[in-house]
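Listing of my_file-v7.pdb, PDB, C-alpha atoms
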ATOM      1  CA  MET A 115       0.000   0.000   0.000  1.00  0.00           C
ATOM      2  CA  SER A 116       3.021   2.241   0.102  1.00  0.00           C
ATOM      3  CA  GLY A 117       2.653   5.419  -1.920  1.00  0.00           C
ATOM      4  CA  ARG A 118      -1.138   5.514  -1.927  1.00  0.00           C
ATOM      5  CA  PRO A 119      -3.058   8.371  -0.328  1.00  0.00           C
ATOM      6  CA  ASP A 120      -4.148   7.275   3.139  1.00  0.00           C
ATOM      7  CA  GLY A 121      -7.848   7.123   2.280  1.00  0.00           C
ATOM      8  CA  LEU A 122      -7.235   4.806  -0.652  1.00  0.00           C
ATOM      9  CA  ALA A 123      -4.950   2.583   1.404  1.00  0.00           C
ATOM     10  CA  GLN A 124      -7.848   1.943   3.788  1.00  0.00           C
ATOM     11  CA  VAL A 125     -10.083   0.515   1.061  1.00  0.00           C
ATOM     12  CA  VAL A 126      -7.664  -0.862  -1.546  1.00  0.00           C
ATOM     13  CA  ASP A 127      -8.747  -4.449  -0.892  1.00  0.00           C
ATOM     14  CA  TRP A 128     -12.303  -3.447  -1.868  1.00  0.00           C
ATOM     15  CA  LEU A 129     -11.180  -2.485  -5.389  1.00  0.00           C
ATOM     16  CA  VAL A 130     -10.766  -4.559  -8.537  1.00  0.00           C
ATOM     17  CA  CYS A 131      -9.624  -3.779 -12.072  1.00  0.00           C
ATOM     18  CA  PRO A 132     -12.706  -2.564 -13.985  1.00  0.00           C
ATOM     19  CA  THR A 133     -11.209  -3.558 -17.348  1.00  0.00           C
ATOM     20  CA  CYS A 134     -10.673  -7.182 -16.329  1.00  0.00           C
ATOM     21  CA  ARG A 135     -14.119  -7.415 -14.808  1.00  0.00           C
ATOM     22  CA  ARG A 136     -15.798  -5.895 -17.878  1.00  0.00           C
ATOM     23  CA  LYS A 137     -13.900  -8.027 -20.410  1.00  0.00           C
ATOM     24  CA  THR A 138     -13.566 -11.360 -18.623  1.00  0.00           C
ATOM     25  CA  GLY A 139     -15.770 -11.221 -15.536  1.00  0.00           C
ATOM     26  CA  VAL A 140     -12.707 -11.905 -13.379  1.00  0.00           C
ATOM     27  CA  GLU A 141     -12.245  -9.679 -10.342  1.00  0.00           C
ATOM     28  CA  GLU A 142      -8.515  -8.940 -10.401  1.00  0.00           C
ATOM     29  CA  PRO A 143      -7.197  -7.020  -7.360  1.00  0.00           C
ATOM     30  CA  LEU A 144      -5.206  -3.876  -7.986  1.00  0.00           C
ATOM     31  CA  GLY A 145      -1.423  -4.084  -7.753  1.00  0.00           C
ATOM     32  CA  SER A 146       0.802  -1.960  -5.582  1.00  0.00           C
ATOM     33  CA  GLY A 147       1.730   1.645  -6.250  1.00  0.00           C
ATOM     34  CA  ARG A 148      -0.211   4.851  -6.673  1.00  0.00           C
ATOM     35  CA  ARG A 149      -1.075   4.114 -10.299  1.00  0.00           C
ATOM     36  CA  GLY A 150      -3.046   1.052  -9.281  1.00  0.00           C
ATOM     37  CA  ARG A 151      -1.606  -1.316 -11.872  1.00  0.00           C
ATOM     38  CA  CYS A 152      -3.547  -4.489 -12.578  1.00  0.00           C
ATOM     39  CA  ALA A 153      -1.461  -7.619 -12.061  1.00  0.00           C
ATOM     40  CA  ALA A 154      -3.318  -9.473 -14.829  1.00  0.00           C
ATOM     41  CA  THR A 155      -2.925  -6.740 -17.470  1.00  0.00           C
ATOM     42  CA  PRO A 156       0.389  -4.961 -16.833  1.00  0.00           C
ATOM     43  CA  GLY A 157      -0.386  -2.219 -19.334  1.00  0.00           C
ATOM     44  CA  THR A 158      -3.475  -1.150 -17.403  1.00  0.00           C
ATOM     45  CA  ALA A 159      -2.975   1.562 -14.799  1.00  0.00           C
ATOM     46  CA  TRP A 160      -5.560   3.603 -12.941  1.00  0.00           C
ATOM     47  CA  THR A 161      -4.296   7.096 -12.278  1.00  0.00           C
ATOM     48  CA  SER A 162      -3.944   8.830  -8.945  1.00  0.00           C
ATOM     49  CA  PRO A 163      -3.149  12.370 -10.066  1.00  0.00           C
ATOM     50  CA  GLY A 164      -1.831  13.679  -6.750  1.00  0.00           C
ATOM     51  CA  GLN A 165      -5.280  14.860  -5.636  1.00  0.00           C
ATOM     52  CA  GLY A 166      -6.127  11.947  -3.340  1.00  0.00           C
ATOM     53  CA  HIS A 167      -8.429  10.063  -5.684  1.00  0.00           C
ATOM     54  CA  VAL A 168      -8.132   7.419  -8.392  1.00  0.00           C
ATOM     55  CA  THR A 169      -9.708   7.654 -11.850  1.00  0.00           C
ATOM     56  CA  MET A 170     -11.026   4.199 -12.796  1.00  0.00           C
ATOM     57  CA  ILE A 171     -12.759   4.809 -16.119  1.00  0.00           C
ATOM     58  CA  PRO A 172     -11.081   4.169 -19.477  1.00  0.00           C
ATOM     59  CA  ALA A 173     -11.985   7.528 -21.036  1.00  0.00           C
ATOM     60  CA  PRO A 174     -12.714  11.091 -19.851  1.00  0.00           C
ATOM     61  CA  PRO A 175     -16.207  11.541 -18.377  1.00  0.00           C
ATOM     62  CA  GLY A 176     -18.875  12.691 -20.815  1.00  0.00           C
ATOM     63  CA  VAL A 177     -21.271  15.593 -20.692  1.00  0.00           C
ATOM     64  CA  ASN A 178     -23.325  13.927 -17.934  1.00  0.00           C
ATOM     65  CA  ALA A 179     -20.570  14.553 -15.385  1.00  0.00           C
ATOM     66  CA  ASP A 180     -21.068  17.567 -13.138  1.00  0.00           C
ATOM     67  CA  SER A 181     -18.889  20.563 -13.962  1.00  0.00           C
ATOM     68  CA  PRO A 182     -16.842  22.467 -11.369  1.00  0.00           C
ATOM     69  CA  GLN A 183     -19.500  25.192 -11.379  1.00  0.00           C
ATOM     70  CA  MET A 184     -22.287  22.692 -10.709  1.00  0.00           C
ATOM     71  CA  VAL A 185     -20.262  21.090  -7.936  1.00  0.00           C
ATOM     72  CA  ALA A 186     -19.616  24.468  -6.304  1.00  0.00           C
ATOM     73  CA  SER A 187     -23.334  25.316  -6.398  1.00  0.00           C
ATOM     74  CA  ARG A 188     -24.271  21.991  -4.807  1.00  0.00           C
ATOM     75  CA  SER A 189     -21.631  22.436  -2.121  1.00  0.00           C
ATOM     76  CA  ARG A 190     -23.111  25.778  -1.122  1.00  0.00           C
ATOM     77  CA  VAL A 191     -26.524  24.175  -0.652  1.00  0.00           C
ATOM     78  CA  LEU A 192     -25.132  21.225   1.297  1.00  0.00           C
ATOM     79  CA  ASP A 193     -22.968  23.416   3.508  1.00  0.00           C
ATOM     80  CA  ALA A 194     -26.043  25.490   4.370  1.00  0.00           C
ATOM     81  CA  GLY A 195     -27.459  22.460   6.188  1.00  0.00           C
ATOM     82  CA  VAL A 196     -30.498  21.953   3.971  1.00  0.00           C
ATOM     83  CA  PHE A 197     -30.055  18.180   4.036  1.00  0.00           C
ATOM     84  CA  ASP A 198     -28.909  17.753   7.636  1.00  0.00           C
ATOM     85  CA  PRO A 199     -32.138  15.891   8.579  1.00  0.00           C
ATOM     86  CA  VAL A 200     -31.524  13.439   5.714  1.00  0.00           C
ATOM     87  CA  ASP A 201     -27.973  12.846   6.909  1.00  0.00           C
ATOM     88  CA  ALA A 202     -29.213  12.202  10.443  1.00  0.00           C
ATOM     89  CA  VAL A 203     -31.636   9.523   9.214  1.00  0.00           C
ATOM     90  CA  LEU A 204     -28.974   7.879   7.074  1.00  0.00           C
ATOM     91  CA  SER A 205     -26.540   7.843   9.984  1.00  0.00           C
ATOM     92  CA  ARG A 206     -29.039   6.045  12.193  1.00  0.00           C
ATOM     93  CA  ARG A 207     -29.842   3.562   9.449  1.00  0.00           C
ATOM     94  CA  LEU A 208     -26.163   2.727   8.888  1.00  0.00           C
ATOM     95  CA  GLU A 209     -24.982   2.870  12.491  1.00  0.00           C
ATOM     96  CA  ASP A 210     -23.879  -0.783  12.483  1.00  0.00           C
ATOM     97  CA  SER A 211     -22.037  -0.597   9.142  1.00  0.00           C
ATOM     98  CA  CYS A 212     -18.260  -0.781   8.797  1.00  0.00           C
ATOM     99  CA  ARG A 213     -17.642  -0.631   5.022  1.00  0.00           C
ATOM    100  CA  ILE A 214     -19.834   1.921   3.272  1.00  0.00           C
ATOM    101  CA  LEU A 215     -19.931   2.702  -0.447  1.00  0.00           C
ATOM    102  CA  GLU A 216     -21.695   5.805  -1.724  1.00  0.00           C
ATOM    103  CA  ALA A 217     -22.506   5.598  -5.436  1.00  0.00           C
ATOM    104  CA  GLY A 218     -23.136   8.874  -7.222  1.00  0.00           C
ATOM    105  CA  ALA A 219     -21.553  10.481  -4.175  1.00  0.00           C
ATOM    106  CA  GLY A 220     -20.838  13.892  -5.658  1.00  0.00           C
ATOM    107  CA  THR A 221     -18.669  15.773  -3.173  1.00  0.00           C
ATOM    108  CA  GLY A 222     -19.005  12.989  -0.589  1.00  0.00           C
ATOM    109  CA  HIS A 223     -20.970  15.244   1.762  1.00  0.00           C
ATOM    110  CA  HIS A 224     -23.551  12.639   2.820  1.00  0.00           C
ATOM    111  CA  LEU A 225     -21.004   9.860   3.275  1.00  0.00           C
ATOM    112  CA  ALA A 226     -18.781  12.164   5.326  1.00  0.00           C
ATOM    113  CA  ARG A 227     -21.672  12.987   7.670  1.00  0.00           C
ATOM    114  CA  VAL A 228     -22.399   9.279   8.096  1.00  0.00           C
ATOM    115  CA  LEU A 229     -18.735   8.558   8.859  1.00  0.00           C
ATOM    116  CA  ASP A 230     -18.756  11.364  11.447  1.00  0.00           C
ATOM    117  CA  ALA A 231     -21.589   9.562  13.212  1.00  0.00           C
ATOM    118  CA  VAL A 232     -20.411   5.946  12.805  1.00  0.00           C
ATOM    119  CA  ASP A 233     -17.150   5.432  14.682  1.00  0.00           C
ATOM    120  CA  GLY A 234     -14.643   3.158  13.001  1.00  0.00           C
ATOM    121  CA  ALA A 235     -16.470   2.876   9.672  1.00  0.00           C
ATOM    122  CA  HIS A 236     -14.648   3.465   6.386  1.00  0.00           C
ATOM    123  CA  GLY A 237     -16.172   4.807   3.211  1.00  0.00           C
ATOM    124  CA  LEU A 238     -15.670   4.848  -0.532  1.00  0.00           C
ATOM    125  CA  ALA A 239     -17.172   7.671  -2.593  1.00  0.00           C
ATOM    126  CA  SER A 240     -17.740   6.946  -6.285  1.00  0.00           C
ATOM    127  CA  ASP A 241     -18.879   9.427  -8.923  1.00  0.00           C
ATOM    128  CA  ILE A 242     -18.440  10.080 -12.639  1.00  0.00           C
ATOM    129  CA  SER A 243     -17.508  13.729 -12.022  1.00  0.00           C
ATOM    130  CA  VAL A 244     -13.802  14.427 -11.518  1.00  0.00           C
ATOM    131  CA  ALA A 245     -14.611  17.850 -10.063  1.00  0.00           C
ATOM    132  CA  ALA A 246     -16.890  16.298  -7.452  1.00  0.00           C
ATOM    133  CA  ILE A 247     -14.512  13.488  -6.547  1.00  0.00           C
ATOM    134  CA  ARG A 248     -11.645  15.925  -6.001  1.00  0.00           C
ATOM    135  CA  ARG A 249     -13.728  17.377  -3.188  1.00  0.00           C
ATOM    136  CA  ALA A 250     -14.802  13.976  -1.917  1.00  0.00           C
ATOM    137  CA  ALA A 251     -11.160  12.924  -1.565  1.00  0.00           C
ATOM    138  CA  ARG A 252     -10.758  15.670   1.063  1.00  0.00           C
ATOM    139  CA  ALA A 253     -14.135  15.284   2.729  1.00  0.00           C
ATOM    140  CA  HIS A 254     -13.203  12.851   5.512  1.00  0.00           C
ATOM    141  CA  PRO A 255     -10.039  11.071   6.719  1.00  0.00           C
ATOM    142  CA  ARG A 256     -11.790   7.688   6.612  1.00  0.00           C
ATOM    143  CA  MET A 257     -13.114   8.172   3.077  1.00  0.00           C
ATOM    144  CA  ALA A 258     -11.510   7.183  -0.228  1.00  0.00           C
ATOM    145  CA  ALA A 259     -12.705   8.549  -3.562  1.00  0.00           C
ATOM    146  CA  ILE A 260     -12.767   7.145  -7.086  1.00  0.00           C
ATOM    147  CA  VAL A 261     -13.995   8.350 -10.466  1.00  0.00           C
ATOM    148  CA  ALA A 262     -16.172   5.489 -11.734  1.00  0.00           C
ATOM    149  CA  ASP A 263     -19.382   4.904 -13.667  1.00  0.00           C
ATOM    150  CA  THR A 264     -22.060   2.947 -11.814  1.00  0.00           C
ATOM    151  CA  TRP A 265     -23.718   1.974 -15.082  1.00  0.00           C
ATOM    152  CA  GLN A 266     -20.533   0.485 -16.555  1.00  0.00           C
ATOM    153  CA  GLY A 267     -19.935  -1.533 -13.393  1.00  0.00           C
ATOM    154  CA  LEU A 268     -18.342  -0.406 -10.166  1.00  0.00           C
ATOM    155  CA  PRO A 269     -14.658  -1.384  -9.699  1.00  0.00           C
ATOM    156  CA  VAL A 270     -15.572  -2.946  -6.363  1.00  0.00           C
ATOM    157  CA  ARG A 271     -15.179  -6.577  -5.355  1.00  0.00           C
ATOM    158  CA  SER A 272     -18.403  -8.577  -5.046  1.00  0.00           C
ATOM    159  CA  GLY A 273     -19.595  -8.637  -1.434  1.00  0.00           C
ATOM    160  CA  ALA A 274     -16.944  -6.116  -0.378  1.00  0.00           C
ATOM    161  CA  VAL A 275     -19.196  -3.642   1.456  1.00  0.00           C
ATOM    162  CA  ASP A 276     -21.875  -3.980   4.085  1.00  0.00           C
ATOM    163  CA  ALA A 277     -23.744  -0.804   3.122  1.00  0.00           C
ATOM    164  CA  VAL A 278     -24.463   1.066  -0.109  1.00  0.00           C
ATOM    165  CA  LEU A 279     -25.557   4.679   0.105  1.00  0.00           C
ATOM    166  CA  CYS A 280     -27.231   6.396  -2.848  1.00  0.00           C
ATOM    167  CA  VAL A 281     -28.980   9.636  -2.021  1.00  0.00           C
ATOM    168  CA  PHE A 282     -29.999  11.542  -5.164  1.00  0.00           C
ATOM    169  CA  ALA A 283     -28.194   9.592  -7.883  1.00  0.00           C
ATOM    170  CA  PRO A 284     -29.871   6.955 -10.083  1.00  0.00           C
ATOM    171  CA  ARG A 285     -29.657   3.455  -8.650  1.00  0.00           C
ATOM    172  CA  ASN A 286     -28.232   0.439 -10.421  1.00  0.00           C
ATOM    173  CA  ARG A 287     -29.882  -2.124  -8.188  1.00  0.00           C
ATOM    174  CA  ASP A 288     -28.182  -5.156  -9.743  1.00  0.00           C
ATOM    175  CA  GLU A 289     -24.752  -3.627  -9.233  1.00  0.00           C
ATOM    176  CA  PHE A 290     -25.539  -2.614  -5.662  1.00  0.00           C
ATOM    177  CA  ALA A 291     -26.714  -6.140  -4.880  1.00  0.00           C
ATOM    178  CA  ARG A 292     -23.464  -7.517  -6.296  1.00  0.00           C
ATOM    179  CA  VAL A 293     -21.132  -5.407  -4.147  1.00  0.00           C
ATOM    180  CA  LEU A 294     -23.180  -5.818  -0.954  1.00  0.00           C
ATOM    181  CA  ALA A 295     -22.204  -8.545   1.487  1.00  0.00           C
ATOM    182  CA  PRO A 296     -25.012 -10.902   2.585  1.00  0.00           C
ATOM    183  CA  GLY A 297     -27.260  -9.068   5.006  1.00  0.00           C
ATOM    184  CA  GLY A 298     -25.947  -5.692   3.841  1.00  0.00           C
ATOM    185  CA  THR A 299     -27.939  -2.467   3.910  1.00  0.00           C
ATOM    186  CA  ALA A 300     -28.901  -0.130   1.086  1.00  0.00           C
ATOM    187  CA  GLY A 301     -29.812   3.406   2.088  1.00  0.00           C
ATOM    188  CA  GLY A 302     -30.902   6.488   0.166  1.00  0.00           C
ATOM    189  CA  ARG A 303     -33.809   8.421  -1.221  1.00  0.00           C
ATOM    190  CA  GLN A 304     -33.825   7.984  -5.012  1.00  0.00           C
ATOM    191  CA  SER A 305     -36.014   4.945  -5.681  1.00  0.00           C
ATOM    192  CA  ASP A 306     -36.018   4.471  -9.441  1.00  0.00           C
ATOM    193  CA  ALA A 307     -33.174   2.895 -11.400  1.00  0.00           C
ATOM    194  CA  ARG A 308     -32.787   4.623 -14.755  1.00  0.00           C
ATOM    195  CA  PRO A 309     -30.161   3.950 -17.410  1.00  0.00           C
ATOM    196  CA  PRO A 310     -27.845   6.788 -18.511  1.00  0.00           C
ATOM    197  CA  GLY A 311     -29.611   9.628 -20.279  1.00  0.00           C
ATOM    198  CA  ARG A 312     -32.943   9.114 -18.501  1.00  0.00           C
ATOM    199  CA  ALA A 313     -32.134  10.458 -15.058  1.00  0.00           C
ATOM    200  CA  ALA A 314     -33.721  13.868 -15.143  1.00  0.00           C
ATOM    201  CA  GLY A 315     -31.620  16.630 -13.709  1.00  0.00           C
ATOM    202  CA  ARG A 316     -28.843  14.396 -12.462  1.00  0.00           C
ATOM    203  CA  HIS A 317     -25.539  13.113 -13.812  1.00  0.00           C
ATOM    204  CA  ARG A 318     -24.627   9.482 -14.062  1.00  0.00           C
ATOM    205  CA  GLY A 319     -23.264   8.253 -10.754  1.00  0.00           C
TER     206      GLY A 319
END
Could you show the structure in this file as C-alpha cells?
Amino acid sequence: MSGRPDGLAQVVDWLVCPTCRRKTGVEEPLGSGRRGRCAATPGTAWTSPGQGHVTMIPAPPGVNADSPQMVASRSRVLDAGVFDPVDAVLSRRLEDSCRILEAGAGTGHHLARVLDAVDGAHGLASDISVAAIRRAARAHPRMAAIVADTWQGLPVRSGAVDAVLCVFAPRNRDEFARVLAPGGTAGGRQSDARPPGRAAGRHRG
C-alpha cells in the first residue's frame, strides 16, 4: 500500500480492475503503487493524479458529469445544512455498518456525515464527475474517492461492502446487490433505477 493516499490505502482491498471485470468477468485485485496497476494486465494503470483520488474509467467523463460550477453550487446548498435531517436519518440507518460505499456520491458530503456519526467505519465515494470526486477525496479522513461509472460496473469486489448509500443519484440495483455482502444495507432516497440519459436533472453516478 506504500505510496497511496491514506484514504485509498484503507479501502484498496475493496477495489478490482474494472477492465478485467468488464472483459472477462474476473475480479482482479489492484497491484501496488499509486497508479493502481492491474497484475493481470500490466499495461493497465488507474491514475492517482496527486489529488487523493483514483480515476477508474477508461476515457474522460462525458457531458453527464457535473462541472466544477455545478459542484460548487451543490456544495453551497449542502454546507447550508439543507439536508442535515436526511444525513441524520442515514446515519441512524447505517450505524452498524463498517464498510460503506456511496454511489453517485458527488462531493461525498452525505457519506462524510455518516462517517462522522459511525465510529470506526470506512467509506468509498464513487462518482463520474472528476470535479466532485476531487472534493470527496478531502471530505473525511476515513473516506476514499474514485472516479467510476455505476452503469458500466463499479470497480468494487463482489460482497466487499456492508452498506451502499445512494442519495440523489440513479440506482443500479443489480450492481448494488453484487457489491453488498449478505445481510448488507442499502440506504438512500432515489427509488427508481434509470439507465444513462434518462435520469432527469442528475448526472450518471
Given only C-alpha atoms as the counted atoms, nearest of A:Pro199, A:Gly220, A:Gly139, A:Gly298 to Ser243 (chain A)
A:Gly220
Enter the distance from CA of Val125 (chain A) to CA of His236 (chain A), in Å, rounded to one decimal.
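Separating CA of Val125 (chain A) from CA of His236 (chain A) is a distance of 7.6 Å.
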Could you tell me which residues the PyMOL selection byres ((chain A and resi 142) around 6) grabs in this file, written as a ChimeraX atom specification?
/A:130-131,140-141,143
Distance in Å - CA of Ala295 (chain A) versus CA of Val275 (chain A):
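CA of Val275 (chain A) lies at a distance of 5.8 Å from CA of Ala295 (chain A).
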Counting all atoms listed in the file, what is within 9 Å of Val228 (chain A), bar same-chain residues fewer than 3 positions away, as a ChimeraX atom specification?
/A:201-202,204-206,208-209,223-225,231-232,235
Selection dump of the PyMOL selection byres ((chain A and resi 256) around 6), as a ChimeraX atom specification
/A:121,236,254-255,257
Might you pull out every residue within 10 Å of Gly222 (chain A), with all atoms listed in the file counted and same-chain residues fewer than 3 positions away left off, and present them as a list of chain:residue names?
A:Ser189, A:Glu216, A:Ala217, A:Gly218, A:Ala219, A:Leu225, A:Ala226, A:Arg227, A:Gly237, A:Leu238, A:Ala239, A:Ser240, A:Asp241, A:Ala246, A:Ile247, A:Arg248, A:Arg249, A:Ala250, A:Ala251, A:Arg252, A:Ala253, A:His254, A:Met257, A:Ala258, A:Ala259
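Of note, CA of Asp233 (chain A) and CA of Phe290 (chain A) are spaced 23.4 Å apart.
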Given all atoms listed in the file as the counted atoms, nearest of A:Pro132, A:Pro284, A:Val293, A:Arg213 to Met170 (chain A):
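Ranking A:Pro132, A:Pro284, A:Val293, A:Arg213 by distance to Met170 (chain A), first place goes to A:Pro132.
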Evaluating the PyMOL selection byres ((chain A and resi 129) around 6) on the displayed file yields which residues, as a PyMOL selection string?
chain A and resi 126-128+130+269-271
Preceding selection exported with C-alpha atoms as a PDB file, in the coordinates of the input:
ATOM      1  CA  VAL A 126      -7.664  -0.862  -1.546  1.00  0.00           C
ATOM      2  CA  ASP A 127      -8.747  -4.449  -0.892  1.00  0.00           C
ATOM      3  CA  TRP A 128     -12.303  -3.447  -1.868  1.00  0.00           C
ATOM      4  CA  VAL A 130     -10.766  -4.559  -8.537  1.00  0.00           C
ATOM      5  CA  PRO A 269     -14.658  -1.384  -9.699  1.00  0.00           C
ATOM      6  CA  VAL A 270     -15.572  -2.946  -6.363  1.00  0.00           C
ATOM      7  CA  ARG A 271     -15.179  -6.577  -5.355  1.00  0.00           C
TER       8      ARG A 271
END
Which centre and which edge lengths, in Å to one decimal, describe the axis-aligned box that holds all listed atoms of region 130-142 of chain A after 5 Å is added on each side, as AutoDock Vina command-line options?
--center_x -12.2 --center_y -7.2 --center_z -14.5 --size_x 17.3 --size_y 19.3 --size_z 21.9
Arg136 (chain A): which residues within 10 Å, counting only C-alpha atoms, same-chain residues fewer than 6 positions away excluded, as a list in words?
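Near neighbours after the sequence-gap exclusion: Gln266, Gly267, Leu268 and Pro269 of chain A.
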Dump of C-alpha atoms for the selected residues, as a compact mmCIF listing (two decimals), keeping the file's coordinate frame:
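Printed below is selection_30.txt as written:
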# COMPACT_ATOMS: atom_id res chain seq x y z
CA GLN A 266 -20.53 0.48 -16.56
CA GLY A 267 -19.93 -1.53 -13.39
CA LEU A 268 -18.34 -0.41 -10.17
CA PRO A 269 -14.66 -1.38 -9.70
Quick one: of A:Thr138, A:Leu192, A:Gly234, A:Ala245, who's nearest to His167 (chain A), counting all atoms listed in the file?
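Smallest separation from His167 (chain A) among the options: A:Ala245.
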